[in-house]
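A.B. asks: This one is start_3.tsv, TSV, C-alpha atoms.
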```tsv
chain	number	residue	atom	x	y	z
A	1	MET	CA	42.79	13.20	7.92
A	2	GLU	CA	42.76	9.50	7.01
A	3	ILE	CA	39.67	8.87	9.17
A	4	ALA	CA	37.83	11.76	7.53
A	5	ARG	CA	38.71	10.37	4.09
A	6	ARG	CA	37.39	6.94	5.09
A	7	VAL	CA	34.17	8.43	6.45
A	8	ALA	CA	33.61	10.35	3.21
A	9	PHE	CA	34.12	7.15	1.26
A	10	LEU	CA	31.77	5.10	3.50
A	11	LYS	CA	28.99	7.62	2.86
A	12	THR	CA	29.09	6.55	-0.83
A	13	VAL	CA	28.57	2.87	0.07
A	14	SER	CA	24.92	1.86	-0.19
A	15	ILE	CA	24.58	0.10	3.17
A	16	PHE	CA	25.95	3.12	5.10
A	17	THR	CA	24.01	5.96	3.41
A	18	GLU	CA	21.63	6.39	6.37
A	19	SER	CA	24.19	5.88	9.12
A	20	PRO	CA	25.25	8.88	11.29
A	21	ASP	CA	28.79	10.30	11.06
A	22	SER	CA	29.58	9.16	14.60
A	23	LEU	CA	28.94	5.52	13.64
A	24	LEU	CA	30.84	5.85	10.36
A	25	ARG	CA	33.80	7.35	12.26
A	26	GLN	CA	33.79	4.41	14.66
A	27	ILE	CA	33.69	1.97	11.72
A	28	ALA	CA	36.41	3.91	9.85
A	29	GLU	CA	38.74	3.67	12.83
A	30	ASN	CA	38.45	-0.14	12.84
A	31	LEU	CA	38.53	-1.01	9.13
A	32	ILE	CA	41.38	-3.23	8.03
A	33	GLU	CA	43.05	-2.24	4.75
A	34	MET	CA	43.81	-4.99	2.23
A	35	GLU	CA	45.69	-5.03	-1.05
A	36	VAL	CA	45.45	-7.99	-3.45
A	37	SER	CA	47.02	-8.67	-6.82
A	38	GLU	CA	45.24	-9.70	-9.99
A	39	GLY	CA	44.23	-13.38	-9.82
A	40	ASP	CA	44.44	-13.60	-6.01
A	41	HIS	CA	41.50	-15.15	-4.14
A	42	ILE	CA	39.99	-12.87	-1.51
A	43	VAL	CA	37.52	-15.43	-0.16
A	44	LEU	CA	36.97	-19.04	-1.12
A	45	LYS	CA	33.79	-21.02	-1.55
A	46	GLY	CA	33.19	-23.19	1.54
A	47	GLU	CA	34.99	-20.86	3.99
A	48	MET	CA	33.13	-19.72	7.10
A	49	GLY	CA	31.96	-16.13	6.66
A	50	ASP	CA	33.11	-13.71	9.37
A	51	ALA	CA	33.60	-10.41	7.52
A	52	MET	CA	32.36	-7.99	4.89
A	53	TYR	CA	34.62	-6.44	2.23
A	54	ILE	CA	34.29	-2.99	0.63
A	55	ILE	CA	36.07	-2.32	-2.67
A	56	VAL	CA	38.03	0.95	-2.50
A	57	ASP	CA	39.58	0.58	-5.96
A	58	GLY	CA	39.83	-2.22	-8.52
A	59	ARG	CA	37.58	-5.04	-9.79
A	60	VAL	CA	36.68	-8.51	-8.51
A	61	LYS	CA	34.54	-11.38	-9.78
A	62	VAL	CA	32.15	-13.50	-7.73
A	63	HIS	CA	32.22	-16.96	-9.25
A	64	ASP	CA	31.95	-20.71	-8.86
A	65	GLY	CA	34.65	-22.23	-10.99
A	66	ASP	CA	34.32	-20.81	-14.52
A	67	TYR	CA	30.76	-19.59	-13.96
A	68	ILE	CA	30.73	-15.87	-13.02
A	69	PHE	CA	27.80	-14.65	-10.92
A	70	SER	CA	28.80	-10.96	-11.00
A	71	VAL	CA	31.67	-8.50	-11.43
A	72	LEU	CA	32.05	-5.80	-8.72
A	73	ASN	CA	34.08	-2.57	-8.61
A	74	LYS	CA	34.62	0.56	-6.49
A	75	GLY	CA	32.01	1.07	-3.78
A	76	HIS	CA	30.55	-2.42	-4.07
A	77	VAL	CA	30.28	-4.69	-1.06
A	78	PHE	CA	30.58	-8.47	-0.90
A	79	GLY	CA	30.27	-10.94	1.95
A	80	LYS	CA	27.77	-8.58	3.63
A	81	TYR	CA	25.22	-11.25	4.47
A	82	TYR	CA	27.72	-13.16	6.55
A	83	LEU	CA	27.66	-10.34	9.08
A	84	LEU	CA	24.18	-11.51	10.08
A	85	ASP	CA	25.19	-15.15	10.58
A	86	LYS	CA	28.20	-17.36	10.12
A	87	LYS	CA	27.80	-19.80	7.26
A	88	GLU	CA	29.95	-21.35	4.58
A	89	ARG	CA	30.52	-19.06	1.64
A	90	SER	CA	28.62	-20.06	-1.50
A	91	ALA	CA	31.08	-18.55	-3.99
A	92	THR	CA	34.71	-17.57	-4.50
A	93	VAL	CA	35.79	-13.94	-4.95
A	94	THR	CA	38.89	-13.33	-7.08
A	95	ALA	CA	40.60	-10.06	-8.02
A	96	LEU	CA	40.38	-9.16	-11.71
A	97	SER	CA	42.92	-6.35	-11.27
A	98	HIS	CA	45.15	-4.94	-8.55
A	99	THR	CA	42.53	-4.18	-5.88
A	100	PHE	CA	42.34	-2.21	-2.60
A	101	LEU	CA	39.77	-3.26	0.02
A	102	TYR	CA	38.45	-2.50	3.49
A	103	ARG	CA	37.66	-5.48	5.70
A	104	PHE	CA	34.76	-5.04	8.15
A	105	SER	CA	34.83	-7.91	10.69
A	106	GLN	CA	31.79	-9.54	12.21
A	107	GLU	CA	33.07	-8.82	15.71
A	108	LEU	CA	33.26	-5.10	14.88
A	109	PHE	CA	29.82	-5.26	13.28
A	110	TYR	CA	28.22	-6.52	16.50
A	111	ALA	CA	30.05	-3.91	18.54
A	112	VAL	CA	29.05	-0.85	16.48
A	113	THR	CA	25.48	-1.89	15.68
A	114	LYS	CA	24.50	-2.84	19.22
A	115	ASN	CA	22.56	0.39	19.66
A	116	GLU	CA	22.40	1.44	15.98
A	117	THR	CA	20.22	-0.28	13.41
A	118	THR	CA	20.94	1.79	10.31
A	119	VAL	CA	23.68	-0.58	9.11
A	120	ILE	CA	21.38	-3.59	9.52
A	121	THR	CA	18.68	-1.65	7.64
A	122	GLY	CA	21.18	-0.90	4.90
A	123	ILE	CA	22.18	-4.57	4.68
A	124	LEU	CA	18.53	-5.65	4.52
A	125	ARG	CA	17.91	-3.05	1.83
A	126	ALA	CA	20.89	-4.43	-0.10
A	127	LEU	CA	19.50	-7.93	0.40
A	128	VAL	CA	16.15	-6.88	-1.09
A	129	GLY	CA	18.01	-5.35	-4.02
A	130	ARG	CA	19.98	-8.54	-4.42
A	131	LEU	CA	16.77	-10.59	-4.46
A	132	ARG	CA	15.34	-8.24	-7.06
A	133	ASP	CA	18.48	-8.67	-9.17
A	134	MET	CA	18.18	-12.43	-8.77
A	135	ASN	CA	14.56	-12.32	-9.99
A	136	LEU	CA	15.63	-10.32	-13.03
A	137	ALA	CA	18.46	-12.76	-13.62
A	138	GLU	CA	16.02	-15.68	-13.39
A	139	GLU	CA	13.71	-14.00	-15.89
A	140	GLN	CA	16.62	-13.44	-18.25
A	141	LEU	CA	17.75	-17.03	-17.73
A	142	ALA	CA	14.22	-18.30	-18.45
A	143	SER	CA	14.14	-16.21	-21.60
A	144	GLN	CA	17.56	-17.54	-22.62
A	145	ASN	CA	16.45	-21.11	-21.90
A	146	HIS	CA	13.36	-20.56	-24.03
A	147	GLU	CA	15.55	-19.30	-26.85
A	148	ILE	CA	17.93	-22.25	-26.44
A	149	ILE	CA	14.98	-24.66	-26.58
A	150	ARG	CA	13.67	-22.87	-29.69
A	151	GLN	CA	17.09	-23.07	-31.34
A	152	LYS	CA	17.38	-26.75	-30.37
A	153	GLU	CA	13.97	-27.46	-31.89
A	154	GLU	CA	15.01	-25.58	-35.03
A	155	LEU	CA	18.23	-27.61	-35.23
A	156	GLU	CA	16.26	-30.83	-34.77
A	157	LYS	CA	13.89	-29.72	-37.52
A	158	GLN	CA	16.82	-28.94	-39.83
A	159	LYS	CA	18.43	-32.27	-38.93
A	160	LYS	CA	15.20	-34.09	-39.78
A	161	GLU	CA	14.89	-32.20	-43.07
A	162	LEU	CA	18.51	-33.02	-43.90
A	163	LEU	CA	17.93	-36.71	-43.18
A	164	GLU	CA	14.82	-36.62	-45.36
A	165	LEU	CA	16.76	-34.93	-48.16
A	166	ASN	CA	19.48	-37.57	-47.92
A	167	ALA	CA	16.85	-40.32	-47.91
A	168	THR	CA	15.20	-38.71	-50.94
A	169	LYS	CA	18.51	-38.57	-52.76
A	170	ASP	CA	19.33	-42.19	-51.86
A	171	LYS	CA	15.86	-43.34	-52.94
A	172	PHE	CA	16.12	-41.40	-56.18
A	173	PHE	CA	19.48	-42.89	-57.13
A	174	SER	CA	18.38	-46.35	-56.01
A	175	ILE	CA	15.41	-46.21	-58.37
A	176	ILE	CA	17.52	-44.91	-61.24
A	177	ALA	CA	20.29	-47.46	-60.63
A	178	HIS	CA	18.08	-50.50	-60.13
A	179	ASP	CA	14.40	-50.05	-60.87
A	180	LEU	CA	14.92	-48.14	-64.11
A	181	ARG	CA	18.07	-49.87	-65.30
A	182	SER	CA	16.97	-53.48	-64.81
A	183	PRO	CA	13.71	-53.24	-66.82
A	184	ILE	CA	15.53	-51.45	-69.64
A	185	SER	CA	18.10	-54.24	-69.73
A	186	THR	CA	15.27	-56.78	-69.95
A	187	LEU	CA	13.58	-54.79	-72.72
A	188	ILE	CA	16.85	-54.74	-74.69
A	189	SER	CA	17.36	-58.48	-74.21
A	190	LEU	CA	13.81	-59.37	-75.32
A	191	SER	CA	13.86	-57.02	-78.31
A	192	GLU	CA	17.27	-58.38	-79.30
A	193	MET	CA	15.84	-61.89	-79.18
A	194	LEU	CA	13.02	-60.86	-81.49
A	195	ARG	CA	15.43	-59.10	-83.83
A	196	THR	CA	17.89	-61.96	-84.19
A	197	ASP	CA	15.84	-65.12	-83.57
A	198	ILE	CA	12.31	-64.29	-84.69
A	199	GLU	CA	12.45	-66.90	-87.46
A	200	LEU	CA	13.36	-69.57	-84.92
A	201	LEU	CA	10.58	-68.68	-82.46
A	202	THR	CA	7.16	-70.28	-82.42
A	203	VAL	CA	4.03	-68.15	-82.51
A	204	ASN	CA	3.41	-68.76	-78.80
A	205	GLU	CA	6.98	-67.84	-77.90
A	206	THR	CA	6.72	-64.65	-79.94
A	207	HIS	CA	3.41	-63.83	-78.28
A	208	GLU	CA	4.92	-64.35	-74.79
A	209	ILE	CA	7.88	-62.10	-75.58
A	210	LEU	CA	5.60	-59.39	-76.97
A	211	SER	CA	3.36	-59.65	-73.89
A	212	SER	CA	6.41	-59.31	-71.64
A	213	LEU	CA	7.60	-56.29	-73.62
A	214	HIS	CA	4.15	-54.73	-73.31
A	215	ASP	CA	3.93	-55.33	-69.54
A	216	LEU	CA	7.45	-54.04	-68.96
A	217	SER	CA	6.74	-50.92	-71.01
A	218	LYS	CA	3.54	-50.18	-69.05
A	219	ASN	CA	5.25	-50.67	-65.71
A	220	HIS	CA	8.20	-48.61	-66.86
A	221	LEU	CA	5.94	-45.78	-67.96
A	222	LYS	CA	4.11	-45.80	-64.62
A	223	LEU	CA	7.40	-45.73	-62.73
A	224	LEU	CA	8.72	-42.86	-64.84
A	225	ASP	CA	5.49	-40.94	-64.32
A	226	ASN	CA	5.69	-41.40	-60.54
A	227	LEU	CA	9.38	-40.56	-60.51
A	228	LEU	CA	8.90	-37.34	-62.46
A	229	GLN	CA	5.97	-36.23	-60.30
A	230	TRP	CA	7.88	-37.06	-57.12
A	231	ALA	CA	10.92	-35.11	-58.37
A	232	ARG	CA	8.68	-32.10	-59.03
A	233	VAL	CA	7.26	-32.34	-55.51
A	234	GLN	CA	10.73	-32.56	-53.92
A	235	THR	CA	12.01	-29.53	-55.85
A	236	GLY	CA	8.95	-27.48	-54.91
A	237	ARG	CA	7.69	-27.21	-58.48
A	238	MET	CA	4.41	-29.01	-57.81
A	239	GLU	CA	1.89	-27.30	-55.57
A	240	ALA	CA	-1.69	-28.39	-55.03
A	241	LYS	CA	-4.25	-26.50	-57.13
A	242	PRO	CA	-7.52	-27.29	-55.35
A	243	GLU	CA	-10.79	-27.24	-57.26
A	244	LYS	CA	-14.29	-28.49	-56.65
A	245	PHE	CA	-15.06	-31.76	-58.46
A	246	ASN	CA	-17.18	-34.90	-58.27
A	247	LEU	CA	-15.09	-37.71	-56.77
A	248	ALA	CA	-17.21	-40.44	-58.38
A	249	ASP	CA	-16.29	-39.15	-61.86
A	250	VAL	CA	-12.58	-39.51	-61.14
A	251	ALA	CA	-13.16	-42.94	-59.55
A	252	ARG	CA	-14.98	-44.19	-62.68
A	253	GLU	CA	-12.18	-42.86	-64.88
A	254	VAL	CA	-9.44	-44.61	-62.87
A	255	ILE	CA	-11.38	-47.89	-62.62
A	256	GLY	CA	-11.88	-47.80	-66.38
A	257	PHE	CA	-8.12	-47.54	-66.78
A	258	TYR	CA	-7.60	-50.81	-64.86
A	259	LYS	CA	-10.47	-52.88	-66.25
A	260	VAL	CA	-8.17	-54.77	-68.61
A	261	THR	CA	-5.71	-55.58	-65.80
A	262	ALA	CA	-8.56	-56.74	-63.56
A	263	PHE	CA	-9.98	-58.89	-66.38
A	264	GLU	CA	-6.59	-60.53	-67.03
A	265	LYS	CA	-6.25	-61.44	-63.32
A	266	GLN	CA	-9.96	-62.36	-63.08
A	267	VAL	CA	-10.32	-59.86	-60.22
A	268	SER	CA	-13.70	-58.29	-59.51
A	269	LEU	CA	-13.35	-54.50	-59.51
A	270	VAL	CA	-16.16	-52.83	-57.50
A	271	ASN	CA	-16.92	-49.08	-57.51
A	272	GLY	CA	-18.81	-48.06	-54.38
A	273	VAL	CA	-17.95	-44.35	-54.36
A	274	ASP	CA	-21.01	-42.20	-53.60
A	275	GLY	CA	-22.04	-40.33	-56.73
A	276	GLU	CA	-22.93	-37.16	-54.80
A	277	ILE	CA	-19.52	-36.54	-53.19
A	278	MET	CA	-18.05	-33.14	-54.08
A	279	VAL	CA	-14.54	-32.52	-52.78
A	280	VAL	CA	-12.04	-29.66	-52.94
A	281	ALA	CA	-8.62	-30.93	-53.98
A	282	ASP	CA	-6.12	-31.09	-56.82
A	283	LYS	CA	-7.86	-33.41	-59.27
A	284	ASN	CA	-4.66	-34.61	-60.98
A	285	MET	CA	-3.03	-35.46	-57.65
A	286	ILE	CA	-6.09	-37.41	-56.46
A	287	ARG	CA	-6.23	-39.21	-59.79
A	288	THR	CA	-2.58	-40.25	-59.28
A	289	VAL	CA	-3.33	-41.43	-55.73
A	290	LEU	CA	-6.27	-43.58	-56.85
A	291	ARG	CA	-4.27	-45.06	-59.73
A	292	ASN	CA	-1.42	-46.06	-57.42
A	293	LEU	CA	-3.69	-47.53	-54.76
A	294	LEU	CA	-5.78	-49.48	-57.29
A	295	SER	CA	-2.67	-50.69	-59.10
A	296	ASN	CA	-1.21	-51.99	-55.82
A	297	ALA	CA	-4.50	-53.62	-54.80
A	298	LEU	CA	-4.70	-55.48	-58.13
A	299	LYS	CA	-1.04	-56.43	-57.91
A	300	TYR	CA	-1.43	-58.16	-54.53
A	301	THR	CA	-4.85	-59.77	-55.13
A	302	ASN	CA	-5.02	-63.41	-56.18
A	303	MET	CA	-6.86	-64.70	-59.24
A	304	GLY	CA	-10.61	-64.55	-58.61
A	305	GLY	CA	-10.23	-62.01	-55.80
A	306	GLN	CA	-11.95	-58.67	-55.31
A	307	VAL	CA	-10.87	-55.03	-55.11
A	308	GLU	CA	-13.34	-52.44	-53.86
A	309	LEU	CA	-13.18	-48.68	-54.15
A	310	GLY	CA	-15.58	-46.97	-51.71
A	311	SER	CA	-16.30	-43.92	-49.59
A	312	ARG	CA	-17.97	-42.75	-46.41
A	313	PHE	CA	-18.90	-39.30	-45.13
A	314	MET	CA	-17.18	-37.81	-42.08
A	315	THR	CA	-17.53	-34.45	-40.33
A	316	GLY	CA	-16.33	-31.90	-42.88
A	317	SER	CA	-14.51	-34.50	-44.94
A	318	VAL	CA	-14.89	-37.74	-46.83
A	319	GLU	CA	-12.93	-40.96	-46.42
A	320	ILE	CA	-12.06	-42.91	-49.56
A	321	PHE	CA	-10.85	-46.49	-49.28
A	322	VAL	CA	-9.33	-49.11	-51.57
A	323	LYS	CA	-9.89	-52.59	-50.14
A	324	ASP	CA	-8.60	-55.92	-51.39
A	325	ASN	CA	-8.70	-59.52	-50.13
A	326	GLY	CA	-5.19	-60.32	-51.32
A	327	LEU	CA	-1.86	-61.07	-49.68
A	328	GLY	CA	-2.06	-58.55	-46.83
A	329	MET	CA	0.86	-57.41	-44.69
A	330	THR	CA	2.38	-58.06	-41.28
A	331	PRO	CA	2.54	-55.17	-38.75
A	332	GLU	CA	6.28	-54.92	-39.40
A	333	MET	CA	5.67	-54.53	-43.14
A	334	VAL	CA	3.04	-51.82	-42.51
A	335	THR	CA	5.53	-49.71	-40.52
A	336	LYS	CA	7.80	-49.54	-43.58
A	337	LEU	CA	5.17	-47.98	-45.82
A	338	PHE	CA	5.28	-44.27	-46.74
A	339	ARG	CA	8.92	-44.09	-45.64
A	340	LEU	CA	11.89	-42.92	-47.67
A	341	ASP	CA	14.52	-44.36	-45.35
A	342	THR	CA	13.50	-47.94	-46.11
A	343	THR	CA	13.11	-49.67	-49.43
A	344	PHE	CA	9.97	-51.76	-49.26
A	345	SER	CA	8.40	-53.59	-52.15
A	346	THR	CA	7.18	-57.16	-52.51
A	347	VAL	CA	6.39	-59.22	-55.60
A	348	GLY	CA	2.74	-59.32	-56.66
A	349	THR	CA	0.60	-62.43	-57.08
A	350	ALA	CA	1.47	-62.54	-60.81
A	351	ASN	CA	5.14	-61.76	-60.18
A	352	GLU	CA	4.61	-58.02	-60.62
A	353	HIS	CA	7.40	-55.78	-59.37
A	354	GLY	CA	7.39	-52.29	-57.82
A	355	THR	CA	9.54	-49.74	-55.99
A	356	GLY	CA	7.37	-48.50	-53.14
A	357	LEU	CA	7.63	-45.02	-54.63
A	358	GLY	CA	3.92	-44.92	-55.48
A	359	LEU	CA	2.82	-44.97	-51.82
A	360	ILE	CA	5.36	-42.30	-50.90
A	361	LEU	CA	3.95	-40.13	-53.68
A	362	CYS	CA	0.39	-40.84	-52.45
A	363	ASN	CA	1.35	-39.66	-48.98
A	364	GLU	CA	2.90	-36.45	-50.37
A	365	PHE	CA	-0.18	-35.67	-52.48
A	366	ILE	CA	-2.72	-36.36	-49.72
A	367	LEU	CA	-0.82	-34.14	-47.27
A	368	LYS	CA	-0.74	-31.35	-49.85
A	369	ASN	CA	-4.52	-31.64	-50.11
A	370	ARG	CA	-5.11	-31.29	-46.34
A	371	GLY	CA	-5.84	-34.96	-45.84
A	372	SER	CA	-4.29	-38.00	-44.20
A	373	ILE	CA	-3.62	-41.54	-45.39
A	374	TYR	CA	-3.34	-44.76	-43.40
A	375	VAL	CA	-3.62	-48.50	-43.86
A	376	GLN	CA	-5.21	-51.50	-42.16
A	377	SER	CA	-3.88	-54.90	-43.10
A	378	GLU	CA	-3.76	-58.50	-41.93
A	379	TYR	CA	-1.32	-60.95	-43.41
A	380	GLY	CA	-3.13	-63.41	-45.66
A	381	PHE	CA	-6.43	-61.52	-45.53
A	382	GLY	CA	-5.86	-58.38	-47.57
A	383	SER	CA	-5.34	-54.65	-47.01
A	384	THR	CA	-7.44	-51.50	-46.88
A	385	PHE	CA	-5.87	-48.14	-47.70
A	386	ARG	CA	-7.86	-45.12	-46.53
A	387	PHE	CA	-7.37	-41.41	-47.13
A	388	THR	CA	-9.40	-38.31	-46.35
A	389	LEU	CA	-10.23	-35.19	-48.37
A	390	PRO	CA	-12.09	-32.02	-47.40
A	391	LEU	CA	-15.66	-31.78	-48.64
A	392	SER	CA	-16.81	-28.73	-50.58
A	393	ASP	CA	-19.31	-26.40	-48.94
```
Take the structure I supplied and represent it as structure tokens, if you would.
C.D. replies:
Amino acid sequence: MEIARRVAFLKTVSIFTESPDSLLRQIAENLIEMEVSEGDHIVLKGEMGDAMYIIVDGRVKVHDGDYIFSVLNKGHVFGKYYLLDKKERSATVTALSHTFLYRFSQELFYAVTKNETTVITGILRALVGRLRDMNLAEEQLASQNHEIIRQKEELEKQKKELLELNATKDKFFSIIAHDLRSPISTLISLSEMLRTDIELLTVNETHEILSSLHDLSKNHLKLLDNLLQWARVQTGRMEAKPEKFNLADVAREVIGFYKVTAFEKQVSLVNGVDGEIMVVADKNMIRTVLRNLLSNALKYTNMGGQVELGSRFMTGSVEIFVKDNGLGMTPEMVTKLFRLDTTFSTVGTANEHGTGLGLILCNEFILKNRGSIYVQSEYGFGSTFRFTLPLSD
């Protein structure tokens, strides 16, 4: 009765489905019954394989440490490949519940399959199935790895955005705390001097104070304008509104705005922008870019120097440049431009001050208008700022 019950059970096991009853009866008579408790190891990784195990009832896990390869239950077979050779086991098998097993030894395997190949065929069929499962597992793993990489890239992107937001905040407060506060304090001090001591001041002294007040007010207004525009960009309230316009018209307008400054510094201001250039961009943003670049060029050009605004055609775009023969920059100084995480500003040739915010704003505006901006500079020999804009059809 027990042998018949075993034979009936073996017929449900995949590797024995094609085996004749006579062979299954012979196997059933020689199976060794095993009973293991939850948590017990049935085989250990590194042991020499000499048997196959068939789960009669219960559940086991095939694992390497904490990593689980698979969970098996009633009718499943493990250790089957070690019937074909005798190698070290590549994984540990541990009972997940109270489990009953049949043990099919390698010695018995050789004895019963000497003239019968159906068991070997069943094992090979199981091996093919196992390889297929491994391929599916590899595909799933590749898909999971792809998703992990995507998530990692997304986290890196979010981290970068967070760092940029923090840098923006730090820059914003730095400008408010220092670059706005200090000039206002100077304005108050100079105006207080005029209010209380004007009768004691000479005409020249009064003129110097008024000139200082005028220069501070202009610089302050420019800084406030840049700061407000930058704040609008950072909060997403300023988007580019491209339109077709003549670049030379805007260049003449901006140069006209700085003629007085150029005259006071005795700097030659040259307009070499081609009069036929039609671009598609946000005119106000490009006007702001040119004003900042020209202002910086004049700031760092010595008395009697030259600042040139020019252009050259490229494939599908135009390059605009602002070139000066002023102080220039070292390679280390150039790397700090257009960056929020560093505060970079040097004093101009007439002791002019700045915040570095103008170039950051230029970079933002050029990117919004599908262009790029870069600089070439040599210390002591001047700088050339270049940016590109798309041409109109």
A.B. asks: Have a look at CA of Arg25 in chain A and CA of Leu72 in chain A and let me know their distance in Å, one decimal.
C.D. replies: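 According to the coordinates, CA of Arg25 in chain A and CA of Leu72 in chain A are separated by 24.8 Å.
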A.B. asks: When you draw a straight line from CA of Arg132 in chain A to CA of Lys61 in chain A, how long is it in Å?
C.D. replies: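 If I compute the distance from CA of Arg132 in chain A to CA of Lys61 in chain A, I get 19.6 Å.
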A.B. asks: Pick from A:Glu107, A:Glu2, A:Asp64, A:Glu138: nearest to Gly49 in chain A, with all atoms listed in the file counted?
C.D. replies: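 Looking at the shortest contact to Gly49 in chain A, the residue is A:Glu107.
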A.B. asks: From the list A:Val77, A:Glu116, A:Gln140, A:Leu31, which residue is nearest Arg103 in chain A when using all atoms listed in the file?
C.D. replies: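 Of A:Val77, A:Glu116, A:Gln140, A:Leu31, the one nearest Arg103 in chain A is A:Leu31, counting all atoms listed in the file.
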A.B. asks: Looking at A:Val119, A:Ala251, A:Leu165, A:Ala91, which one is nearest to Gly272 in chain A, with distances taken over all atoms listed in the file?
C.D. replies: A:Ala251
A.B. asks: Counting all atoms listed in the file, what are the residues of range 258-353 of chain A within 8 Å of range 386-392 of chain A, and for each of them which pair of atoms is the nearest and at what distance in Å, to one decimal? Sort the table by chain and rising number, as a Markdown table.
C.D. replies:
```
| residue | atom | partner | partner_atom | distance |
| --- | --- | --- | --- | --- |
| A:Ile277 | CA | A:Leu391 | CA | 7.6 |
| A:Met278 | CA | A:Ser392 | CA | 5.8 |
| A:Val279 | CA | A:Leu391 | CA | 4.4 |
| A:Val280 | CA | A:Ser392 | CA | 5.4 |
| A:Ala281 | CA | A:Leu389 | CA | 7.2 |
| A:Gly316 | CA | A:Leu391 | CA | 5.8 |
| A:Ser317 | CA | A:Pro390 | CA | 4.2 |
| A:Val318 | CA | A:Leu389 | CA | 5.5 |
| A:Glu319 | CA | A:Thr388 | CA | 4.4 |
| A:Ile320 | CA | A:Phe387 | CA | 5.5 |
| A:Phe321 | CA | A:Arg386 | CA | 4.3 |
| A:Val322 | CA | A:Arg386 | CA | 6.6 |
```
A.B. asks: Neighbouring residues of Arg287 in chain A were defined as those with any atom within 8 Å, considering all atoms listed in the file; residues of the same chain fewer than 3 positions away were excluded. Please report them as a list in words.
C.D. replies: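 Using all atoms listed in the file, the neighbours found are Val250, Ala251, Val254, Lys283, Asn284, Leu290 and Arg291 of chain A.
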A.B. asks: Taking (42.1, -11.3, -8.8) in the file's own coordinates, collect the residues within 7 Å, counting only C-alpha atoms, and hand them back as JSON, numbers by chain.
C.D. replies: {"A": [37, 38, 39, 40, 41, 60, 94, 95, 96, 97]}
A.B. asks: One number please: CA of Tyr53 in chain A to CA of Tyr102 in chain A, in Å, one decimal.
C.D. replies: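 Computed distance, CA of Tyr53 in chain A to CA of Tyr102 in chain A, equals 5.6 Å.
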A.B. asks: Counting all atoms listed in the file, which of A:Ile54, A:Leu136, A:Val93, A:Val128 gets nearest to Ile32 in chain A?
C.D. replies: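 Of A:Ile54, A:Leu136, A:Val93, A:Val128, the one nearest Ile32 in chain A is A:Ile54, counting all atoms listed in the file.
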A.B. asks: Which one of A:Phe385, A:Phe9, A:Phe104, A:Phe263 sits closest to Ala297 in chain A if you count all atoms listed in the file?
C.D. replies: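 Checking each of A:Phe385, A:Phe9, A:Phe104, A:Phe263 against Ala297 in chain A, counting all atoms listed in the file, the winner is A:Phe385.
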A.B. asks: I need the residue nearest Gly380 in chain A from this list: A:Ala4, A:Val334, A:Met329, A:Leu201. Use all atoms listed in the file for the distance.
C.D. replies: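 The closest residue to Gly380 in chain A is A:Met329.
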A.B. asks: Quick one: range 55-90 of chain A with C-alpha atoms, as a PDB file, in the first residue's frame?
C.D. replies:
```pdb
ATOM      1  CA  ILE A  55       9.202  17.660  -1.391  1.00  0.00           C
ATOM      2  CA  VAL A  56       6.221  15.576  -0.224  1.00  0.00           C
ATOM      3  CA  ASP A  57       4.737  18.331   1.943  1.00  0.00           C
ATOM      4  CA  GLY A  58       5.932  21.715   3.217  1.00  0.00           C
ATOM      5  CA  ARG A  59       8.021  24.613   1.863  1.00  0.00           C
ATOM      6  CA  VAL A  60      11.756  25.267   1.500  1.00  0.00           C
ATOM      7  CA  LYS A  61      13.880  28.167   0.263  1.00  0.00           C
ATOM      8  CA  VAL A  62      16.964  27.929  -1.943  1.00  0.00           C
ATOM      9  CA  HIS A  63      19.248  30.742  -0.883  1.00  0.00           C
ATOM     10  CA  ASP A  64      22.730  32.128  -0.425  1.00  0.00           C
ATOM     11  CA  GLY A  65      22.758  33.963   2.855  1.00  0.00           C
ATOM     12  CA  ASP A  66      19.870  36.456   2.853  1.00  0.00           C
ATOM     13  CA  TYR A  67      19.451  36.328  -0.930  1.00  0.00           C
ATOM     14  CA  ILE A  68      16.656  33.889  -1.899  1.00  0.00           C
ATOM     15  CA  PHE A  69      16.896  32.275  -5.341  1.00  0.00           C
ATOM     16  CA  SER A  70      13.538  30.470  -5.142  1.00  0.00           C
ATOM     17  CA  VAL A  71      10.879  29.030  -2.824  1.00  0.00           C
ATOM     18  CA  LEU A  72       9.779  25.416  -3.484  1.00  0.00           C
ATOM     19  CA  ASN A  73       6.799  23.387  -2.232  1.00  0.00           C
ATOM     20  CA  LYS A  74       5.019  20.044  -2.734  1.00  0.00           C
ATOM     21  CA  GLY A  75       6.148  18.135  -5.821  1.00  0.00           C
ATOM     22  CA  HIS A  76       9.205  20.294  -6.442  1.00  0.00           C
ATOM     23  CA  VAL A  77      12.647  18.763  -6.737  1.00  0.00           C
ATOM     24  CA  PHE A  78      15.995  20.215  -5.689  1.00  0.00           C
ATOM     25  CA  GLY A  79      19.537  18.922  -5.958  1.00  0.00           C
ATOM     26  CA  LYS A  80      18.541  17.058  -9.142  1.00  0.00           C
ATOM     27  CA  TYR A  81      21.544  18.159 -11.182  1.00  0.00           C
ATOM     28  CA  TYR A  82      23.935  16.578  -8.733  1.00  0.00           C
ATOM     29  CA  LEU A  83      22.687  13.169  -9.823  1.00  0.00           C
ATOM     30  CA  LEU A  84      24.558  13.697 -13.094  1.00  0.00           C
ATOM     31  CA  ASP A  85      27.863  14.612 -11.439  1.00  0.00           C
ATOM     32  CA  LYS A  86      29.251  15.235  -7.999  1.00  0.00           C
ATOM     33  CA  LYS A  87      30.067  18.870  -7.382  1.00  0.00           C
ATOM     34  CA  GLU A  88      29.907  21.332  -4.528  1.00  0.00           C
ATOM     35  CA  ARG A  89      26.448  22.705  -3.952  1.00  0.00           C
ATOM     36  CA  SER A  90      26.027  26.328  -5.030  1.00  0.00           C
TER      37      SER A  90
END
```
